[in-house]
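Shown next, in structure tokens, is the structure this report addresses.
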Amino acid sequence: MSWLEQSIKSPCEQSILAANNRQQQLTKPPGSLGQLETLAIQLAGLQASETPHIDTIAISIFAADHGIAEEQVSAFPQAVTAEMIRNFAHGGAAISVLAKQLNANLRVSNLGTVSELETIAGVEDNRLAAGTANFSKAPAMTEEQCQQALAIGKKHIDQANADIFIGGEMGIANTTSATALACALLQKPASVLTGPGTGINHKTLRHKQAVIEAALDLHQANPEQPLECLRLLGGFEIAALTGAFIRGAQVGMPLLVDGFIASIAALTALRYQPDIAPWLILGHQSAEPGHKAIVAALDKSPLLQLDMRLGEASGAACAIPLLQLACTLHNTMATFDSANISAATL
Ligand SMILES: Cc1cc2ncn([C@H]3O[C@H](COP(=O)(O)O)[C@@H](O)[C@H]3O)c2cc1C
Ligand SMILES: O=C(O)c1cccnc1
């Protein structure tokens, strides 16, 4: 049996009840801390503890190139993927700065770029090929590549040993791949889901839409087979994220999901195994317009809306302090009893 078929862990009902009970005793009108309350209760269930905490944070960035980039669908050249891998390692990328500030353990996995990369300290060499195939002409991945990429995500979860996991990505043209995958899974046209990614002009946006429509016609991907949709239209980094999300729910790791790209990986995982839903927390609403439809399909409310559209796990990282505050309030506020506060009378 493949690891992908292992059962999903259930959140701990007893801890959810205990945490809910605790919330009712804290010195505030019940419900007045809004989503901070529900988040603490959700985390209690996921961590199987009445008093959840977010002290150790694992962030994994999966980077890879995309054959579809040769269709001129991104504002930036493909060399940027490898260049940004260097930047992650050297501490200059947005996620490098955020991870340092949050005291998170940042791992960077190179699944294969077109530009040659020297060996870089802090970058894991997980190269499968020099990027995916151009999915407007052929399946993006072979069966074997897709399985290997899923397994790299699994490995990151198995080694994470953290209170929460955030998966991020880097790969020029991956909004084209993610959009095509979203169209296939949601059965929506490219005209509805395609957005500017790194910032293309209107003419290029129409071209990007047409490239996606043609690829959808070519592959006729079956939404009932999400991992096959992933193989045909996805990317190595999107598959690694999908594998990480499936594994996270199998082993009981809370998963904080980033923006557009990470969310389509989460949706792929969810369509493959609907029981993973409770393990997903949505960090933020991306400004990439197609994210709304994916968020609706995930049936989750994003914690933040900051008009971010970067990827790299950056939006999810920004939501960590909120989760920490939710836990600290939940764990350390006084109770009506301990502070001698009168309870509600009506
Ligand atoms: C310097 C730079 C840093 C990035 N970090 C994340 N992305 C984001 O933009 C890319 C997707 O957009 P598109 O599909 O339009 O190429 C991905 O690499 C994504 O992670 C970046 C993009 C650039 C240019
Ligand atoms: O929200 C994202 O993940 C995103 C949006 C635009 C470009 N890259 C990533």
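Just remember, in the structure tokens the first chain shown is A, the second B, etc., residues are 1-based per chain, and ligands are 1-based in the order shown.
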Which residues are near stretch 192-197 of chain A? Cut-off 6 Å, only C-alpha atoms, ignore same chain within fewer than 3 positions. Put them as JSON, numbers by chain.
{"A": [175, 189, 200, 288, 289, 290]}
Selected residues written out, C-alpha atoms, as a short mmCIF file (atom, residue, chain, number, x, y, z; two decimals), in the first residue's frame:
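Written out: part09.cif:
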data_model
loop_
_atom_site.label_atom_id
_atom_site.label_comp_id
_atom_site.auth_asym_id
_atom_site.auth_seq_id
_atom_site.Cartn_x
_atom_site.Cartn_y
_atom_site.Cartn_z
CA THR A 175 0.54 30.73 -11.20
CA PRO A 189 -12.93 28.37 -17.20
CA ILE A 200 1.67 40.88 -16.44
CA GLU A 288 -4.40 36.80 -6.92
CA PRO A 289 -8.05 36.95 -8.05
CA GLY A 290 -8.53 33.19 -8.54
#
List every residue of stretch 163-241 of chain A that DSSP, applied to the backbone, labels as strand (DSSP E), and write the result as a ChimeraX atom specification.
/A:164-170
Selection: 9 Å around A:Leu267, only C-alpha atoms, excl. self and same-chain fewer than 2 positions, as a ChimeraX atom specification:
/A:182,185,226,242,262-265,269-272,294-295,297-298
Would you mind exporting the chosen residues as a short mmCIF file (atom, residue, chain, number, x, y, z; two decimals), in the first residue's frame, restricted to N, CA and C atoms?
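Just written: out02.cif:
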data_model
loop_
_atom_site.label_atom_id
_atom_site.label_comp_id
_atom_site.auth_asym_id
_atom_site.auth_seq_id
_atom_site.Cartn_x
_atom_site.Cartn_y
_atom_site.Cartn_z
N ALA A 182 -6.45 24.53 -10.84
CA ALA A 182 -7.69 25.02 -10.21
C ALA A 182 -8.86 24.88 -11.19
N LEU A 185 -9.83 21.18 -11.31
CA LEU A 185 -10.49 20.66 -10.09
C LEU A 185 -11.85 21.30 -9.87
N PRO A 226 -7.75 13.77 -8.61
CA PRO A 226 -6.97 14.98 -8.34
C PRO A 226 -5.46 14.80 -8.51
N THR A 242 1.42 19.32 -1.91
CA THR A 242 0.28 18.40 -1.80
C THR A 242 0.67 17.20 -0.92
N ALA A 262 -0.17 27.59 -2.73
CA ALA A 262 -0.27 26.61 -1.65
C ALA A 262 -1.72 26.15 -1.49
N SER A 263 -2.67 27.06 -1.72
CA SER A 263 -4.08 26.69 -1.54
C SER A 263 -4.53 25.70 -2.60
N ILE A 264 -4.00 25.81 -3.82
CA ILE A 264 -4.42 24.82 -4.83
C ILE A 264 -3.82 23.45 -4.49
N ALA A 265 -2.63 23.46 -3.89
CA ALA A 265 -2.06 22.18 -3.41
C ALA A 265 -2.94 21.62 -2.29
N ALA A 269 -5.00 18.08 -2.27
CA ALA A 269 -4.92 17.12 -1.16
C ALA A 269 -6.31 16.82 -0.61
N LEU A 270 -7.11 17.86 -0.47
CA LEU A 270 -8.46 17.72 0.09
C LEU A 270 -9.36 16.90 -0.82
N ARG A 271 -9.23 17.11 -2.13
CA ARG A 271 -10.04 16.34 -3.07
C ARG A 271 -9.60 14.88 -3.08
N TYR A 272 -8.31 14.67 -2.83
CA TYR A 272 -7.80 13.29 -2.78
C TYR A 272 -8.30 12.61 -1.51
N ILE A 294 -10.85 29.29 -4.85
CA ILE A 294 -10.18 28.16 -4.17
C ILE A 294 -10.53 28.19 -2.69
N VAL A 295 -10.52 29.39 -2.12
CA VAL A 295 -10.87 29.54 -0.70
C VAL A 295 -12.30 29.04 -0.47
N ALA A 297 -13.86 26.82 -2.20
CA ALA A 297 -13.88 25.35 -2.32
C ALA A 297 -13.26 24.69 -1.09
N LEU A 298 -12.29 25.37 -0.47
CA LEU A 298 -11.68 24.83 0.75
C LEU A 298 -12.63 25.00 1.94
#
Could you list, as a CSV table (one decimal) with C-alpha atoms, in the first residue's frame, all protein and nucleic acid residues with an atom at most 9 Å from ligand 1, counting only C-alpha atoms and all ligand atoms?
chain,number,residue,atom,x,y,z
A,63,ALA,CA,11.3,25.4,-5.5
A,64,ALA,CA,11.1,24.2,-9.1
A,65,ASP,CA,10.9,25.4,-12.7
A,69,ALA,CA,7.3,29.4,-18.8
A,73,VAL,CA,3.2,33.7,-19.2
A,74,SER,CA,5.2,35.4,-16.5
A,75,ALA,CA,6.6,38.9,-16.1
A,76,PHE,CA,9.9,37.5,-15.0
A,77,PRO,CA,12.5,35.2,-16.6
A,78,GLN,CA,12.9,31.6,-15.5
A,80,VAL,CA,14.7,34.0,-11.2
A,81,THR,CA,13.7,30.6,-9.7
A,83,GLU,CA,18.3,33.1,-8.2
A,84,MET,CA,15.7,33.2,-5.5
A,93,ALA,CA,14.0,36.8,0.6
A,94,ALA,CA,10.8,38.0,2.3
A,95,ILE,CA,10.3,34.5,3.8
A,168,GLY,CA,5.8,27.7,0.6
A,169,GLU,CA,6.8,27.7,-3.0
A,170,MET,CA,9.0,29.4,-5.6
A,171,GLY,CA,8.8,28.7,-9.3
A,172,ILE,CA,8.5,31.2,-12.1
A,173,ALA,CA,5.2,30.6,-14.1
A,174,ASN,CA,3.7,28.6,-11.3
A,175,THR,CA,0.5,30.7,-11.2
A,176,THR,CA,-0.2,29.4,-14.7
A,177,SER,CA,0.2,25.8,-13.5
A,178,ALA,CA,-1.8,26.5,-10.3
A,195,GLY,CA,-4.8,36.5,-12.7
A,196,PRO,CA,-1.6,38.6,-13.1
A,197,GLY,CA,0.8,36.5,-11.0
A,198,THR,CA,4.0,38.5,-10.8
A,199,GLY,CA,2.3,41.3,-12.7
A,200,ILE,CA,1.7,40.9,-16.4
A,261,ILE,CA,-0.3,28.3,-5.1
A,309,ARG,CA,0.5,38.1,-3.7
A,310,LEU,CA,4.0,36.8,-3.2
A,311,GLY,CA,3.8,33.2,-2.2
A,312,GLU,CA,7.0,31.8,-0.6
A,313,ALA,CA,4.8,31.0,2.5
A,314,SER,CA,5.0,34.7,3.3
May I have the residues within 6 Å of A:Ser109 as an MDAnalysis selection string, using only C-alpha atoms and disregarding those fewer than 3 positions away in the same chain?
chainID A and resid 62 123:124
List as number ranges by chain the protein and nucleic acid residues near A:Leu216, meaning an atom at most 12 Å away when only C-alpha atoms are counted, but skip any in the same chain fewer than 3 places from it.
A: 135-139, 176-177, 179-185, 187-190, 209-213, 219-223, 229, 232-233
Selection to disk with C-alpha atoms, as a PDB file, in the first residue's frame:
ATOM      1  CA  PHE A 135       1.995  21.237 -20.076  1.00  0.00           C
ATOM      2  CA  SER A 136       0.579  22.987 -23.122  1.00  0.00           C
ATOM      3  CA  LYS A 137       2.234  20.182 -25.112  1.00  0.00           C
ATOM      4  CA  ALA A 138       2.631  17.183 -22.776  1.00  0.00           C
ATOM      5  CA  PRO A 139       1.882  16.066 -19.216  1.00  0.00           C
ATOM      6  CA  THR A 176      -0.166  29.407 -14.725  1.00  0.00           C
ATOM      7  CA  SER A 177       0.223  25.839 -13.517  1.00  0.00           C
ATOM      8  CA  THR A 179      -4.554  28.191 -12.309  1.00  0.00           C
ATOM      9  CA  ALA A 180      -4.816  25.307 -14.778  1.00  0.00           C
ATOM     10  CA  LEU A 181      -5.027  22.866 -11.874  1.00  0.00           C
ATOM     11  CA  ALA A 182      -7.691  25.017 -10.209  1.00  0.00           C
ATOM     12  CA  CYS A 183      -9.692  25.121 -13.472  1.00  0.00           C
ATOM     13  CA  ALA A 184      -9.512  21.323 -13.719  1.00  0.00           C
ATOM     14  CA  LEU A 185     -10.486  20.658 -10.095  1.00  0.00           C
ATOM     15  CA  GLN A 187     -14.399  22.866 -13.508  1.00  0.00           C
ATOM     16  CA  LYS A 188     -14.230  26.604 -14.073  1.00  0.00           C
ATOM     17  CA  PRO A 189     -12.934  28.369 -17.200  1.00  0.00           C
ATOM     18  CA  ALA A 190      -9.529  30.059 -17.327  1.00  0.00           C
ATOM     19  CA  GLN A 209      -5.742  32.501 -20.323  1.00  0.00           C
ATOM     20  CA  ALA A 210      -5.605  31.134 -23.859  1.00  0.00           C
ATOM     21  CA  VAL A 211      -2.567  28.969 -23.018  1.00  0.00           C
ATOM     22  CA  ILE A 212      -4.432  27.526 -20.030  1.00  0.00           C
ATOM     23  CA  GLU A 213      -7.652  26.924 -22.014  1.00  0.00           C
ATOM     24  CA  HIS A 219      -5.479  16.993 -21.304  1.00  0.00           C
ATOM     25  CA  GLN A 220      -9.173  16.729 -20.422  1.00  0.00           C
ATOM     26  CA  ALA A 221      -8.101  16.174 -16.813  1.00  0.00           C
ATOM     27  CA  ASN A 222     -10.681  14.345 -14.704  1.00  0.00           C
ATOM     28  CA  PRO A 223     -11.523  16.272 -11.484  1.00  0.00           C
ATOM     29  CA  CYS A 229      -4.800  16.485 -12.539  1.00  0.00           C
ATOM     30  CA  LEU A 232      -0.821  16.670 -15.908  1.00  0.00           C
ATOM     31  CA  LEU A 233      -0.931  20.360 -14.970  1.00  0.00           C
TER      32      LEU A 233
END
Spatial neighbours of A:Ala151, max dist 12 Å, only C-alpha atoms, sep filter under 6 positions, as an MDAnalysis selection string
chainID A and resid 2:4 111 126 128 144:145 157:158 236:247
Skip A:Asp275 itself and residues of its chain fewer than 3 positions away, then list as an NGL selection string all residues within 9 Å of it, counting only C-alpha atoms.
:A and (7-10 or 249 or 270 or 278-279)
Save out the residues we just selected, N, CA and C atoms, as a JSON list (two decimals), in the first residue's frame.
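Now in out-v5.json:
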[["chain", "number", "residue", "atom", "x", "y", "z"],
["A", 7, "SER", "N", -4.42, 6.17, 6.66],
["A", 7, "SER", "CA", -5.60, 6.89, 7.17],
["A", 7, "SER", "C", -5.20, 8.25, 7.75],
["A", 8, "ILE", "N", -6.18, 9.13, 7.80],
["A", 8, "ILE", "CA", -5.99, 10.49, 8.31],
["A", 8, "ILE", "C", -6.31, 10.47, 9.80],
["A", 9, "LYS", "N", -5.51, 11.21, 10.57],
["A", 9, "LYS", "CA", -5.74, 11.29, 12.01],
["A", 9, "LYS", "C", -6.98, 12.17, 12.29],
["A", 10, "SER", "N", -7.71, 11.83, 13.33],
["A", 10, "SER", "CA", -8.84, 12.68, 13.72],
["A", 10, "SER", "C", -8.39, 13.65, 14.81],
["A", 249, "ALA", "N", -1.81, 15.65, 7.64],
["A", 249, "ALA", "CA", -3.09, 15.19, 8.19],
["A", 249, "ALA", "C", -3.01, 13.73, 8.63],
["A", 270, "LEU", "N", -7.11, 17.86, -0.47],
["A", 270, "LEU", "CA", -8.46, 17.72, 0.09],
["A", 270, "LEU", "C", -9.36, 16.90, -0.82],
["A", 278, "PRO", "N", -9.94, 19.27, 8.63],
["A", 278, "PRO", "CA", -9.71, 19.93, 9.93],
["A", 278, "PRO", "C", -8.27, 20.35, 10.18],
["A", 279, "TRP", "N", -7.32, 19.76, 9.43],
["A", 279, "TRP", "CA", -5.90, 20.05, 9.68],
["A", 279, "TRP", "C", -5.43, 21.32, 8.99]]
Please determine, counting only C-alpha atoms, which residue among A:Met141, A:Ala317, A:Ile68, A:Ala19 has the shortest atom-to-atom distance to A:Lys208.
A:Ile68
From stretch 54-247 of chain A, collect each residue whose DSSP state is helix (DSSP H, G or I) and return the set as an NGL selection string.
:A and (67-71 or 79-90 or 94-102 or 143-158 or 174-186 or 190-193 or 202-219 or 226-233 or 236-247)
Could you save the residues just selected, with C-alpha atoms, as a tab-separated table (two decimals), in the first residue's frame?
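That gives us out13.tsv:
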chain	number	residue	atom	x	y	z
A	67	GLY	CA	8.15	24.12	-18.74
A	68	ILE	CA	5.09	26.32	-19.33
A	69	ALA	CA	7.35	29.37	-18.76
A	70	GLU	CA	8.46	29.05	-22.40
A	71	GLU	CA	4.95	30.22	-23.39
A	79	ALA	CA	16.37	32.32	-14.18
A	80	VAL	CA	14.68	34.00	-11.19
A	81	THR	CA	13.69	30.63	-9.69
A	82	ALA	CA	17.33	29.60	-9.19
A	83	GLU	CA	18.34	33.14	-8.25
A	84	MET	CA	15.68	33.21	-5.55
A	85	ILE	CA	16.87	29.85	-4.19
A	86	ARG	CA	20.21	31.58	-3.55
A	87	ASN	CA	18.38	34.51	-1.99
A	88	PHE	CA	16.44	32.20	0.37
A	89	ALA	CA	19.71	30.66	1.54
A	90	HIS	CA	21.43	34.03	1.94
A	94	ALA	CA	10.81	37.96	2.28
A	95	ILE	CA	10.35	34.52	3.79
A	96	SER	CA	13.95	34.46	5.04
A	97	VAL	CA	13.31	37.68	6.97
A	98	LEU	CA	9.92	36.51	8.29
A	99	ALA	CA	11.27	33.09	9.33
A	100	LYS	CA	14.15	34.70	11.20
A	101	GLN	CA	11.84	37.11	13.00
A	102	LEU	CA	9.49	34.24	13.95
A	143	GLU	CA	4.03	9.30	-12.87
A	144	GLU	CA	7.37	8.71	-11.23
A	145	GLN	CA	8.24	12.41	-10.93
A	146	CYS	CA	4.85	13.21	-9.42
A	147	GLN	CA	5.22	10.41	-6.86
A	148	GLN	CA	8.77	11.53	-6.04
A	149	ALA	CA	7.67	15.14	-5.55
A	150	LEU	CA	4.78	14.06	-3.30
A	151	ALA	CA	7.27	11.99	-1.27
A	152	ILE	CA	9.60	14.96	-0.80
A	153	GLY	CA	6.73	16.85	0.82
A	154	LYS	CA	6.04	13.81	3.01
A	155	LYS	CA	9.69	13.72	4.09
A	156	HIS	CA	9.57	17.35	5.19
A	157	ILE	CA	6.57	16.62	7.43
A	158	ASP	CA	8.14	13.45	8.82
A	174	ASN	CA	3.67	28.55	-11.30
A	175	THR	CA	0.54	30.73	-11.20
A	176	THR	CA	-0.17	29.41	-14.72
A	177	SER	CA	0.22	25.84	-13.52
A	178	ALA	CA	-1.79	26.46	-10.33
A	179	THR	CA	-4.55	28.19	-12.31
A	180	ALA	CA	-4.82	25.31	-14.78
A	181	LEU	CA	-5.03	22.87	-11.87
A	182	ALA	CA	-7.69	25.02	-10.21
A	183	CYS	CA	-9.69	25.12	-13.47
A	184	ALA	CA	-9.51	21.32	-13.72
A	185	LEU	CA	-10.49	20.66	-10.09
A	186	LEU	CA	-13.20	23.31	-9.91
A	190	ALA	CA	-9.53	30.06	-17.33
A	191	SER	CA	-11.28	33.38	-18.00
A	192	VAL	CA	-12.63	33.26	-14.43
A	193	LEU	CA	-9.53	32.09	-12.55
A	202	HIS	CA	-3.64	42.92	-19.99
A	203	LYS	CA	-2.52	41.51	-23.34
A	204	THR	CA	-0.26	38.93	-21.70
A	205	LEU	CA	-3.05	38.04	-19.28
A	206	ARG	CA	-5.32	37.18	-22.23
A	207	HIS	CA	-2.52	35.11	-23.72
A	208	LYS	CA	-2.01	33.31	-20.38
A	209	GLN	CA	-5.74	32.50	-20.32
A	210	ALA	CA	-5.60	31.13	-23.86
A	211	VAL	CA	-2.57	28.97	-23.02
A	212	ILE	CA	-4.43	27.53	-20.03
A	213	GLU	CA	-7.65	26.92	-22.01
A	214	ALA	CA	-5.74	25.10	-24.75
A	215	ALA	CA	-3.93	22.94	-22.21
A	216	LEU	CA	-7.21	22.06	-20.49
A	217	ASP	CA	-8.63	21.03	-23.88
A	218	LEU	CA	-5.56	18.93	-24.58
A	219	HIS	CA	-5.48	16.99	-21.30
A	226	PRO	CA	-6.97	14.98	-8.34
A	227	LEU	CA	-3.48	13.46	-8.30
A	228	GLU	CA	-3.73	12.83	-12.05
A	229	CYS	CA	-4.80	16.49	-12.54
A	230	LEU	CA	-1.71	17.40	-10.48
A	231	ARG	CA	0.55	15.23	-12.66
A	232	LEU	CA	-0.82	16.67	-15.91
A	233	LEU	CA	-0.93	20.36	-14.97
A	236	PHE	CA	7.14	19.68	-8.67
A	237	GLU	CA	6.77	22.22	-5.87
A	238	ILE	CA	2.94	22.06	-6.00
A	239	ALA	CA	3.15	18.26	-5.78
A	240	ALA	CA	5.58	18.49	-2.84
A	241	LEU	CA	3.14	20.81	-1.06
A	242	THR	CA	0.28	18.40	-1.80
A	243	GLY	CA	2.32	15.52	-0.37
A	244	ALA	CA	3.17	17.57	2.72
A	245	PHE	CA	-0.50	18.40	3.33
A	246	ILE	CA	-1.62	14.79	2.93
A	247	ARG	CA	1.15	13.57	5.24
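Coordinates place atom CA of A:Pro29 at a distance of 16.2 Å from atom CA of A:Thr332.
Here atom CA of A:Thr142 and atom CA of A:Ala58 stand 29.1 Å from one another.
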